[in-house]
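Student: File target17.cif below, mmCIF, C-alpha atoms:
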data_final
#
loop_
_atom_site.label_atom_id
_atom_site.label_comp_id
_atom_site.auth_asym_id
_atom_site.auth_seq_id
_atom_site.Cartn_x
_atom_site.Cartn_y
_atom_site.Cartn_z
CA MET A 1 67.46 76.47 -16.67
CA SER A 2 70.98 77.59 -15.84
CA ASP A 3 73.31 75.69 -13.52
CA ASP A 4 72.37 78.03 -10.68
CA ASP A 5 68.60 77.62 -11.08
CA ALA A 6 66.41 75.29 -9.08
CA TYR A 7 63.08 73.81 -10.09
CA MET A 8 60.43 73.00 -7.53
CA ASP A 9 56.92 71.69 -8.19
CA ASN A 10 54.75 71.78 -5.09
CA ARG A 11 51.42 71.56 -6.88
CA PRO A 12 50.69 68.07 -5.50
CA ARG A 13 50.51 69.67 -2.03
CA SER A 14 47.84 72.14 -3.13
CA PRO A 15 44.41 71.81 -1.52
CA HIS A 16 41.83 69.75 -3.42
CA THR A 17 39.42 72.65 -3.92
CA ASP A 18 37.43 74.00 -6.85
CA GLU A 19 39.36 77.24 -6.56
CA GLN A 20 42.65 75.40 -7.00
CA ARG A 21 41.24 73.40 -9.91
CA THR A 22 40.29 76.65 -11.61
CA LYS A 23 43.83 77.94 -11.11
CA PHE A 24 45.34 74.74 -12.52
CA ARG A 25 42.99 74.97 -15.50
CA ALA A 26 44.02 78.55 -16.18
CA ASP A 27 47.73 77.73 -15.92
CA LEU A 28 47.43 74.70 -18.21
CA THR A 29 45.33 76.61 -20.73
CA GLN A 30 47.88 79.41 -20.85
CA ARG A 31 50.70 76.92 -21.41
CA PHE A 32 48.67 75.10 -24.07
CA MET A 33 47.90 78.29 -25.99
CA LYS A 34 51.52 79.41 -25.81
CA ASP A 35 52.75 76.12 -27.31
CA LEU A 36 49.88 75.68 -29.77
CA PRO A 37 51.43 77.36 -32.87
CA ALA A 38 54.55 75.16 -32.72
CA THR A 39 52.42 72.11 -31.91
CA ILE A 40 50.32 72.64 -35.03
CA GLU A 41 53.40 73.00 -37.26
CA ARG A 42 54.86 69.72 -36.01
CA ILE A 43 51.82 67.79 -37.28
CA TRP A 44 53.01 68.39 -40.85
CA GLU A 45 56.41 66.88 -40.05
CA LEU A 46 54.91 63.46 -39.30
CA PRO A 47 54.75 60.66 -41.86
CA CYS A 48 51.28 59.30 -42.57
CA LEU A 49 50.15 56.37 -40.44
CA ASN A 50 48.23 53.54 -42.12
CA ILE A 51 47.51 50.70 -39.73
CA THR A 52 44.36 48.82 -38.79
CA SER A 53 42.95 48.51 -35.29
CA VAL A 54 43.32 44.73 -35.66
CA SER A 55 47.06 45.15 -35.20
CA LYS A 56 46.78 45.86 -31.47
CA PRO A 57 48.58 47.04 -29.42
CA TYR A 58 50.53 48.85 -32.14
CA PRO A 59 48.00 51.58 -33.02
CA ASP A 60 47.88 52.88 -29.44
CA LEU A 61 51.66 52.71 -29.08
CA LEU A 62 52.32 54.41 -32.41
CA ILE A 63 49.79 57.14 -31.71
CA GLU A 64 51.39 57.79 -28.32
CA ALA A 65 54.86 58.08 -29.87
CA ARG A 66 53.56 60.53 -32.48
CA GLU A 67 51.66 62.58 -29.89
CA LEU A 68 54.80 62.90 -27.79
CA PHE A 69 56.52 64.54 -30.77
CA VAL A 70 53.59 66.79 -31.64
CA ASN A 71 53.35 67.98 -28.04
CA GLY A 72 57.07 68.67 -27.80
CA TYR A 73 58.19 65.81 -25.55
CA PHE A 74 61.11 64.95 -27.79
CA TYR A 75 63.28 62.99 -25.38
CA SER A 76 60.34 60.79 -24.42
CA CYS A 77 59.41 60.44 -28.09
CA VAL A 78 62.80 58.93 -28.97
CA ALA A 79 62.49 56.46 -26.11
CA MET A 80 58.93 55.51 -27.04
CA CYS A 81 59.83 54.99 -30.70
CA GLY A 82 62.63 52.68 -29.64
CA ILE A 83 60.29 50.70 -27.41
CA VAL A 84 57.66 50.29 -30.14
CA GLY A 85 60.25 49.43 -32.78
CA GLU A 86 61.74 46.71 -30.59
CA ARG A 87 58.27 45.30 -29.90
CA LEU A 88 57.52 45.14 -33.63
CA ILE A 89 60.81 43.39 -34.40
CA LYS A 90 60.42 40.79 -31.67
CA ASP A 91 56.83 40.11 -32.66
CA VAL A 92 57.87 39.49 -36.28
CA LEU A 93 60.12 36.75 -34.98
CA ARG A 94 57.47 35.50 -32.56
CA ASN A 95 54.90 35.24 -35.35
CA SER A 96 57.29 33.49 -37.75
CA VAL A 97 58.91 30.79 -35.63
CA SER A 98 57.94 27.15 -35.48
CA ILE A 99 59.99 24.22 -34.21
CA GLU A 100 60.16 20.58 -35.20
CA LYS A 101 59.56 18.24 -32.30
CA ASP A 102 58.60 14.58 -32.40
CA GLU A 103 58.42 14.85 -36.21
CA LYS A 104 55.82 17.61 -35.95
CA ASN A 105 56.01 21.34 -36.57
CA GLN A 106 54.62 23.37 -33.72
CA ARG A 107 54.84 26.81 -32.22
CA PRO A 108 56.97 27.28 -29.12
CA SER A 109 55.15 27.93 -25.87
CA GLU A 110 54.52 31.47 -24.67
CA ALA A 111 57.05 30.84 -21.91
CA ALA A 112 59.64 29.99 -24.55
CA PHE A 113 58.79 33.08 -26.60
CA ASP A 114 59.10 35.23 -23.50
CA GLN A 115 62.80 34.37 -23.42
CA LEU A 116 63.17 36.53 -26.53
CA GLU A 117 62.74 39.54 -24.27
CA ARG A 118 66.23 38.80 -22.98
CA VAL A 119 67.76 38.68 -26.46
CA GLU A 120 69.56 41.74 -27.82
CA VAL A 121 67.39 43.21 -30.58
CA PHE A 122 70.18 43.90 -33.08
CA GLY A 123 70.82 40.17 -33.41
CA ILE A 124 67.12 39.56 -34.06
CA VAL A 125 67.09 42.29 -36.73
CA ASN A 126 70.03 40.66 -38.51
CA PHE A 127 68.40 37.23 -38.31
CA LEU A 128 65.08 38.47 -39.71
CA ASN A 129 66.84 40.30 -42.52
CA GLU A 130 68.92 37.27 -43.50
CA ALA A 131 65.82 35.06 -43.30
CA GLY A 132 63.90 37.32 -45.66
CA LEU A 133 61.37 38.33 -43.01
CA LEU A 134 62.51 41.95 -42.80
CA SER A 135 63.55 44.10 -45.74
CA LYS A 136 66.97 45.72 -45.98
CA ASP A 137 65.45 49.18 -45.53
CA ALA A 138 63.45 48.14 -42.47
CA ALA A 139 66.47 46.38 -40.97
CA THR A 140 68.62 49.48 -41.46
CA ALA A 141 65.92 51.64 -39.88
CA ALA A 142 65.65 49.25 -36.93
CA ARG A 143 69.40 49.41 -36.31
CA GLU A 144 69.44 53.20 -36.54
CA LEU A 145 66.45 53.49 -34.23
CA GLY A 146 68.00 51.12 -31.71
CA ALA A 147 71.24 53.09 -31.66
CA LEU A 148 69.35 56.35 -31.25
CA ARG A 149 67.20 54.98 -28.44
CA ASN A 150 70.28 53.66 -26.65
CA ALA A 151 71.92 57.07 -26.82
CA TYR A 152 68.92 58.70 -25.17
CA ALA A 153 68.51 55.89 -22.65
CA HIS A 154 72.00 56.76 -21.40
CA SER A 155 71.43 60.54 -21.47
CA ARG A 156 73.68 61.04 -24.49
CA GLY A 157 71.14 62.69 -26.76
CA LYS A 158 72.30 65.91 -28.42
CA ASP A 159 69.44 67.38 -30.46
CA SER A 160 66.21 65.95 -29.11
CA GLU A 161 63.80 67.62 -31.55
CA LYS A 162 65.79 66.59 -34.62
CA ASP A 163 66.37 63.10 -33.24
CA ALA A 164 62.69 62.69 -32.32
CA ILE A 165 61.47 63.15 -35.88
CA GLU A 166 64.27 60.90 -37.12
CA ALA A 167 63.16 58.25 -34.62
CA ILE A 168 59.59 58.50 -35.88
CA LYS A 169 60.73 58.10 -39.49
CA TYR A 170 62.81 55.04 -38.58
CA LEU A 171 59.84 53.60 -36.71
CA HIS A 172 57.53 54.13 -39.66
CA ALA A 173 60.00 52.38 -41.96
CA ILE A 174 59.63 49.33 -39.71
CA VAL A 175 55.84 49.74 -39.65
CA GLU A 176 55.68 49.86 -43.45
CA ASP A 177 57.43 46.48 -43.64
CA THR A 178 55.47 44.80 -40.85
CA VAL A 179 51.98 45.95 -39.86
CA SER A 180 51.06 48.65 -42.38
CA ILE A 181 47.89 48.07 -44.38
CA PHE A 182 50.02 48.87 -47.45
CA LYS A 183 52.67 46.23 -46.72
CA GLY A 184 53.66 44.51 -49.94
CA PHE A 185 52.49 47.35 -52.18
CA ASP A 186 54.22 50.11 -54.11
CA LEU A 187 52.65 53.41 -55.15
CA GLN A 188 53.12 53.96 -58.88
CA HIS A 189 51.38 56.90 -60.57
CA GLY A 190 48.58 56.91 -58.02
CA VAL A 191 48.06 53.14 -58.21
CA MET A 192 48.84 50.58 -55.50
CA ILE A 193 50.65 47.59 -57.06
CA PHE A 194 52.05 44.43 -55.48
CA LYS A 195 55.81 44.85 -55.04
CA ASP A 196 56.56 41.34 -56.29
CA MET A 197 54.38 41.68 -59.37
CA ASP A 198 56.00 41.76 -62.83
CA THR A 199 54.60 44.93 -64.40
CA ARG A 200 56.59 44.83 -67.65
CA GLY A 201 54.86 44.64 -71.03
CA ASP A 202 51.25 43.53 -70.99
CA VAL A 203 51.45 41.37 -67.86
CA LEU A 204 48.09 41.33 -66.09
CA ARG A 205 48.04 43.65 -63.07
CA ALA A 206 45.85 41.75 -60.65
CA LYS A 207 44.42 43.19 -57.47
CA VAL A 208 45.33 46.77 -58.29
CA THR A 209 43.61 49.41 -56.19
CA LYS A 210 43.36 53.00 -57.35
CA LEU A 211 43.82 55.62 -54.67
CA LYS A 212 41.05 58.16 -54.32
#
Go through the file and emit its structure as structure tokens.
Tutor:
Amino acid sequence: MSDDDAYMDNRPRSPHTDEQRTKFRADLTQRFMKDLPATIERIWELPCLNITSVSKPYPDLLIEARELFVNGYFYSCVAMCGIVGERLIKDVLRNSVSIEKDEKNQRPSEAAFDQLERVEVFGIVNFLNEAGLLSKDAATAARELGALRNAYAHSRGKDSEKDAIEAIKYLHAIVEDTVSIFKGFDLQHGVMIFKDMDTRGDVLRAKVTKLK
């Protein structure tokens, strides 16, 4: 749209009739078919997602972020990736913290954990990284994603399609270090191997899973 254009959407005022539903269906189908070639191509730009349904609510949130990109909602995709990334980071801290009280270790209450929602996420990222709970790569990705999300939250995004796929890649770097089913593994010559395993010489390679 140019500066002189105006956009008006009066569809909500349309009559609730079968005739109008047919018209809506035709309009939406035409739009879908027009965008379909580009939509298909964007699927190949995504990183693979490997996460179990046990890790709720992350699967639904990650799928939504990816679908926003595939369907061309790039601005929303950046925002959603930032939201999911922040949730992952704060939950790493939530799942790792215990306090000593009355000579006993115990988890803080949910009310106490809820105060983390007020804490700036970059500080949490730095804490988790220094504590060894978040890798250097994941911490870097979290910082980059946070900065990108903040830019779009304040309407300062410049290239939404490029930034959307970058946001997804940053998000997946966090996923790989937190809730991925492959967390703790490296892929070497088609074989999944524990990252902390000494593979030099004839050291036994325990729990190695070949990829099909």
Student: Name the residues that the PyMOL selection byres ((chain A and resi 71-75) around 6) picks from the file above, as a ChimeraX atom specification, using the file's chain letters and numbers.
Tutor: /A:39,67-70,76-78,160-161,164
Student: Grab the residues selected above and save them as a short mmCIF file (atom, residue, chain, number, x, y, z; two decimals), keeping the file's coordinate frame with C-alpha atoms.
Tutor:
data_model
loop_
_atom_site.label_atom_id
_atom_site.label_comp_id
_atom_site.auth_asym_id
_atom_site.auth_seq_id
_atom_site.Cartn_x
_atom_site.Cartn_y
_atom_site.Cartn_z
CA THR A 39 52.42 72.11 -31.91
CA GLU A 67 51.66 62.58 -29.89
CA LEU A 68 54.80 62.90 -27.79
CA PHE A 69 56.52 64.54 -30.77
CA VAL A 70 53.59 66.79 -31.64
CA SER A 76 60.34 60.79 -24.42
CA CYS A 77 59.41 60.44 -28.09
CA VAL A 78 62.80 58.93 -28.97
CA SER A 160 66.21 65.95 -29.11
CA GLU A 161 63.80 67.62 -31.55
CA ALA A 164 62.69 62.69 -32.32
#
Student: Applied to this file, what does the PyMOL selection byres ((chain A and resi 58-64) around 12) return in terms of residues, put as a PyMOL selection string?
Tutor: chain A and resi 46-57+65-71+73+76-89+91+167-169+171-172+174-175+178-181
Student: List the residues selected by the PyMOL selection byres ((chain A and resi 135) around 12) in the file shown, writing them as a list in words.
Tutor: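 Given this file, the PyMOL selection byres ((chain A and resi 135) around 12) evaluates to Ile89, Val92, Val125, Asn126, Phe127, Leu128, Asn129, Glu130, Ala131, Gly132, Leu133, Leu134, Lys136, Asp137, Ala138, Ala139, Thr140, Ala141, Ala142, Ala173, Ile174, Val175, Glu176, Asp177, Thr178, Lys183 and Gly184 of chain A.
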Student: Could you turn the residues from that selection into a file that holds C-alpha atoms, as a PDB file, in the coordinates of the input?
Tutor:
ATOM      1  CA  ILE A  89      60.810  43.390 -34.400  1.00  0.00           C
ATOM      2  CA  VAL A  92      57.870  39.490 -36.280  1.00  0.00           C
ATOM      3  CA  VAL A 125      67.090  42.290 -36.730  1.00  0.00           C
ATOM      4  CA  ASN A 126      70.030  40.660 -38.510  1.00  0.00           C
ATOM      5  CA  PHE A 127      68.400  37.230 -38.310  1.00  0.00           C
ATOM      6  CA  LEU A 128      65.080  38.470 -39.710  1.00  0.00           C
ATOM      7  CA  ASN A 129      66.840  40.300 -42.520  1.00  0.00           C
ATOM      8  CA  GLU A 130      68.920  37.270 -43.500  1.00  0.00           C
ATOM      9  CA  ALA A 131      65.820  35.060 -43.300  1.00  0.00           C
ATOM     10  CA  GLY A 132      63.900  37.320 -45.660  1.00  0.00           C
ATOM     11  CA  LEU A 133      61.370  38.330 -43.010  1.00  0.00           C
ATOM     12  CA  LEU A 134      62.510  41.950 -42.800  1.00  0.00           C
ATOM     13  CA  LYS A 136      66.970  45.720 -45.980  1.00  0.00           C
ATOM     14  CA  ASP A 137      65.450  49.180 -45.530  1.00  0.00           C
ATOM     15  CA  ALA A 138      63.450  48.140 -42.470  1.00  0.00           C
ATOM     16  CA  ALA A 139      66.470  46.380 -40.970  1.00  0.00           C
ATOM     17  CA  THR A 140      68.620  49.480 -41.460  1.00  0.00           C
ATOM     18  CA  ALA A 141      65.920  51.640 -39.880  1.00  0.00           C
ATOM     19  CA  ALA A 142      65.650  49.250 -36.930  1.00  0.00           C
ATOM     20  CA  ALA A 173      60.000  52.380 -41.960  1.00  0.00           C
ATOM     21  CA  ILE A 174      59.630  49.330 -39.710  1.00  0.00           C
ATOM     22  CA  VAL A 175      55.840  49.740 -39.650  1.00  0.00           C
ATOM     23  CA  GLU A 176      55.680  49.860 -43.450  1.00  0.00           C
ATOM     24  CA  ASP A 177      57.430  46.480 -43.640  1.00  0.00           C
ATOM     25  CA  THR A 178      55.470  44.800 -40.850  1.00  0.00           C
ATOM     26  CA  LYS A 183      52.670  46.230 -46.720  1.00  0.00           C
ATOM     27  CA  GLY A 184      53.660  44.510 -49.940  1.00  0.00           C
TER      28      GLY A 184
END
Student: For a test of reading the model, state the distance in Å between CA of Arg31 in chain A and CA of Ser155 in chain A, rounded to one decimal.
Tutor: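 So the answer is 26.4 Å.
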Student: Env of Leu116 in chain A: 10 Å cut, atoms = only C-alpha atoms, seq-sep filter 3 positions within chain, self excluded. Answer as a PDB file with C-alpha atoms, keeping the file's coordinate frame.
Tutor:
ATOM      1  CA  LYS A  90      60.420  40.790 -31.670  1.00  0.00           C
ATOM      2  CA  ASP A  91      56.830  40.110 -32.660  1.00  0.00           C
ATOM      3  CA  LEU A  93      60.120  36.750 -34.980  1.00  0.00           C
ATOM      4  CA  ARG A  94      57.470  35.500 -32.560  1.00  0.00           C
ATOM      5  CA  ALA A 111      57.050  30.840 -21.910  1.00  0.00           C
ATOM      6  CA  ALA A 112      59.640  29.990 -24.550  1.00  0.00           C
ATOM      7  CA  PHE A 113      58.790  33.080 -26.600  1.00  0.00           C
ATOM      8  CA  VAL A 119      67.760  38.680 -26.460  1.00  0.00           C
ATOM      9  CA  GLU A 120      69.560  41.740 -27.820  1.00  0.00           C
ATOM     10  CA  VAL A 121      67.390  43.210 -30.580  1.00  0.00           C
ATOM     11  CA  ILE A 124      67.120  39.560 -34.060  1.00  0.00           C
TER      12      ILE A 124
END
Student: To one decimal place, how far is CA of Thr22 in chain A from CA of Ala6 in chain A in Å?
Tutor: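 About the pair CA of Thr22 in chain A and CA of Ala6 in chain A: they are 26.3 Å apart.
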